[in-house]
Each structure stands twice: as C-alpha cells, then as structure tokens.
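Below: the structure, in structure tokens.
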Amino acid sequence: QVQQHNQQQEQNQGQLSLYELIRSTKQNQRNKQPKKKQKNKNKKQNNNNNNNNNKKQNQRKRRRREDDAGNDSHHTTSRSKRHRQHSGVAHKQSRSNKPNATVAVDVDKTAMTSVVAMDCEMVGVGEGGERSVLARCSVVNFYGHVLYDKFVRPLERVTDYRTHVSGIRPQDIAASNPKAVSLRQCQKEVAELLRGRILVGHSVNYDLEALLLSHPKRQLRDTAHCKLLCPKRPRALKVLAQERLGITEFQRGEHSSVDDARTTMAVYKSVRVEWEKLIAKRFRSNTDKRKHKLAKARRQHQQRKLQQQQKNMVHPLSGKPLV
C-alpha cells in the first residue's frame, strides 16, 4: 500500500509539473506579445521625434536662405549682416507664420556707410600749369549724400585754374574762404572717412596720389579699370553714365566733384553684385596660392634641418661622420 501511494504521488507530481510547464510557456508567450507592441510604440515615438527634429532643422535652413536672399548677399548669415550694413539695405525677417514676409526698416540715408565714393578736382602749377595739384575733394555715401566737400589751398602758386573743366576759381581756394583748408587737414579728415571702408572712384589712383594717401587694394573699386564696365581699355565717366544710367547731359561745361562722385556710385551700383563676386573669387584664389607657398617653404625648411642634422651625426666609437 505504501509503495502504491508513493507511485501515485510521483505520477501526480509529474502531471503537475507538465501542467505548470505548459501554463508557464503560455504565460511567457502572452507576456512577449505586449512587449513587442511596446517596442513598436517606442520605435514610432523615436521616428516622430526624428521627423520633428528634421522639420525644425529644415525650417532654420529656410530662414537662413530667406535672410540671405532678402539681403542680396551670397555669403553666410554672419557675412550677410556685414553686407546689410555695407549696402545700407535693412530688412528684418518676421517671426509670423509667413516665412517670406519681410518688414522694411527706415534707413538714415545721410549716415556714414561702409561704401563711399570720392572725386577730386585739380588745378595746374608750374610752367604752363602742367603739374596737377588738389583743389577740391568730395566724398559721398552709398545713397549719394555728401559727407565731405571742401576746397584745398595748394602749397604752390597756381598758374592754371582750369575753370572750364574743374570749376575752380581764385576766390574758392583763397585764404579768406572758410571752406578752403590746408592739404594736411584735408588728408587727415579724408583718411578718417576712408579707413576700413570700400572706396569707389573713377581713376581713383590719381585722386589718392593728389591727396598723398594710399588705400588697401581689396577695398578699391575703380570704375575705369573694371572689366565689366571697360573690357578693353579705360573709358570716360561720361560714356559710362550714358551707357549704364542713360544720362546724356553730364559733364557739359564745368565739372562738379560732388556730381562726379554720385555718378560714379550709381555706375558702381549697376554692376555691384557681379563685381563683388569677381573680387571675392580673385582674392580667394590669391589666399590659396599664399597658403601653398607657405606650406612649400615649411617643407623645404624641414628638409634643410634634417640634412644639417644628418651632416652633424658622428659615430660614437670612431668619431667619424656617418654621412
């Protein structure tokens, strides 16, 4: 009887263990199914988050492109700010739902801009008035507003006033005229105006020579030597004004340095975008050439150093040179 009872218990235990195994497997299967759903849910959430991040990044890129397009610049956003100040164009991107909407801001057209135009009038000194000296200097801003316009008293005696071209008369550069200043004072005042700014002029090198000043080549815009305006040889400002601006009655009789500076600025504006691109490309290539030259010079210096070290190397026992 005891043996039978034990056998029955063992059978019952075996049955229970199989039942429990089956039950546990079913529970495991049931538990696995919701986990898969949770994983799918997490994947969907991650995808949504990634899509949202991509949308935000695309919106930022669009805003930057719109800022650059609104400011007429081909540079990055940091340079577009400089370009905005440089040209005097002021636009603000609206934060409304309309991405393309821009708000125009009133610009002070009488203020100093980073682009200025200069023109000078000369008189003759020496025998026959062959040598030219400065008699009047005018500077205008990007919008043509006069920033500086003064007569200059020459250091030498004037023999030819050239009034039919220069418009200068003896009373204009006389000591009694309050608008007439010395050459040294004119140099200081004009140098302060031009410092760090783009200078536009027609044959502007002659004007700088008369002022005894220099200006960085990268910041000079000479309309007489621009390939877009004068592809073969320098042309007169009168011809450029007629061709580019449609002005026919210009420089008939006496010249005015203020009118010449304003006209030069208008001619520069007509080809400004293309001209600035050409200058940026040219100076970029020049910087690349300089970098290559510096790298080559460094390599040559290192090679010479190694050769000297090898020549100075001596055998530790014999004391004879190894090379």
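We label chains A, B, ... in the order they appear in the structure tokens, count residues from 1 in each chain, and number ligands from 1 in the order shown.
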
Please identify the strand (DSSP E) residues within segment 111-311 of chain A (assignment by DSSP from backbone atoms) and present them as a short mmCIF file (atom, residue, chain, number, x, y, z; two decimals) with C-alpha atoms, in the first residue's frame.
```cif
data_model
loop_
_atom_site.label_atom_id
_atom_site.label_comp_id
_atom_site.auth_asym_id
_atom_site.auth_seq_id
_atom_site.Cartn_x
_atom_site.Cartn_y
_atom_site.Cartn_z
CA VAL A 115 30.82 102.08 -49.21
CA VAL A 116 31.80 105.64 -50.15
CA ALA A 117 32.64 107.38 -53.42
CA MET A 118 35.28 110.08 -53.85
CA ASP A 119 36.19 112.54 -56.57
CA CYS A 120 38.71 115.39 -56.71
CA GLU A 121 39.24 118.46 -58.87
CA MET A 122 42.73 119.61 -59.82
CA VAL A 123 44.44 122.88 -60.80
CA GLY A 124 47.73 123.39 -62.64
CA VAL A 125 51.00 124.61 -61.10
CA ARG A 131 51.58 119.63 -62.99
CA SER A 132 48.27 118.90 -61.26
CA VAL A 133 47.59 119.55 -57.56
CA LEU A 134 44.49 119.09 -55.42
CA ALA A 135 41.98 121.97 -55.26
CA ARG A 136 38.73 120.30 -54.17
CA CYS A 137 37.78 116.95 -52.59
CA SER A 138 34.27 115.48 -52.25
CA VAL A 139 33.08 112.25 -50.61
CA VAL A 140 29.52 110.85 -50.76
CA VAL A 146 27.55 114.49 -49.27
CA LEU A 147 29.80 113.52 -46.36
CA TYR A 148 32.73 115.79 -47.20
CA ASP A 149 33.14 118.66 -49.65
CA LYS A 150 35.94 121.20 -49.16
CA PHE A 151 38.30 123.30 -51.23
CA VAL A 152 42.03 122.78 -50.67
CA ARG A 153 44.64 125.53 -50.71
CA VAL A 158 48.55 128.25 -59.21
CA THR A 159 49.32 129.05 -62.85
CA ASP A 160 46.24 127.46 -64.44
CA ALA A 180 39.17 126.18 -48.03
CA VAL A 181 41.50 124.08 -45.85
CA SER A 182 45.15 123.11 -45.99
CA ILE A 198 35.22 100.40 -49.66
CA LEU A 199 36.28 103.32 -51.84
CA VAL A 200 34.59 103.82 -55.23
CA GLY A 201 36.03 106.21 -57.80
CA LEU A 220 39.26 99.79 -54.05
CA ARG A 221 36.58 99.85 -56.76
CA ASP A 222 37.84 101.77 -59.78
#
```

Find the residues around segment 228-244 of chain A up to 9 Å (only C-alpha atoms counted), leave out those fewer than 2 positions away in its own chain, and share them as a list in words.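 Here the qualifying residues turn out to be His202, Ser203, Thr223, Ala224, His225, Cys226, Gly246, Ile247, Thr248, Glu249, Phe250, Gln251, Asp260, Thr263, Thr264, Ala266, Val267, Ser270, Val271, Glu274 and Trp275 of chain A.
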
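What separates atom CA of Met265 of chain A from atom CA of Pro216 of chain A is a distance of 18.6 Å.
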
Excluding Gln187 of chain A and its own-chain neighbours fewer than 3 positions away, which residues fall within 9 Å of it when counting only C-alpha atoms? Please give them as a list in words.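 These residues fall inside the cut-off: Ser182, Leu183, Arg184, Val190, Ala191, Glu192, Leu211, Leu212 and Leu213 of chain A.
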
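Going from atom CA of Glu127 of chain A to atom CA of Gln171 of chain A covers 21.6 Å.
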
Nearest to Pro154 of chain A, chosen from A:Asp259, A:Ile173, A:Arg272, A:Arg218, with only C-alpha atoms counted in the distances: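 When distances to Pro154 of chain A are compared using only C-alpha atoms, the smallest one comes from A:Ile173.
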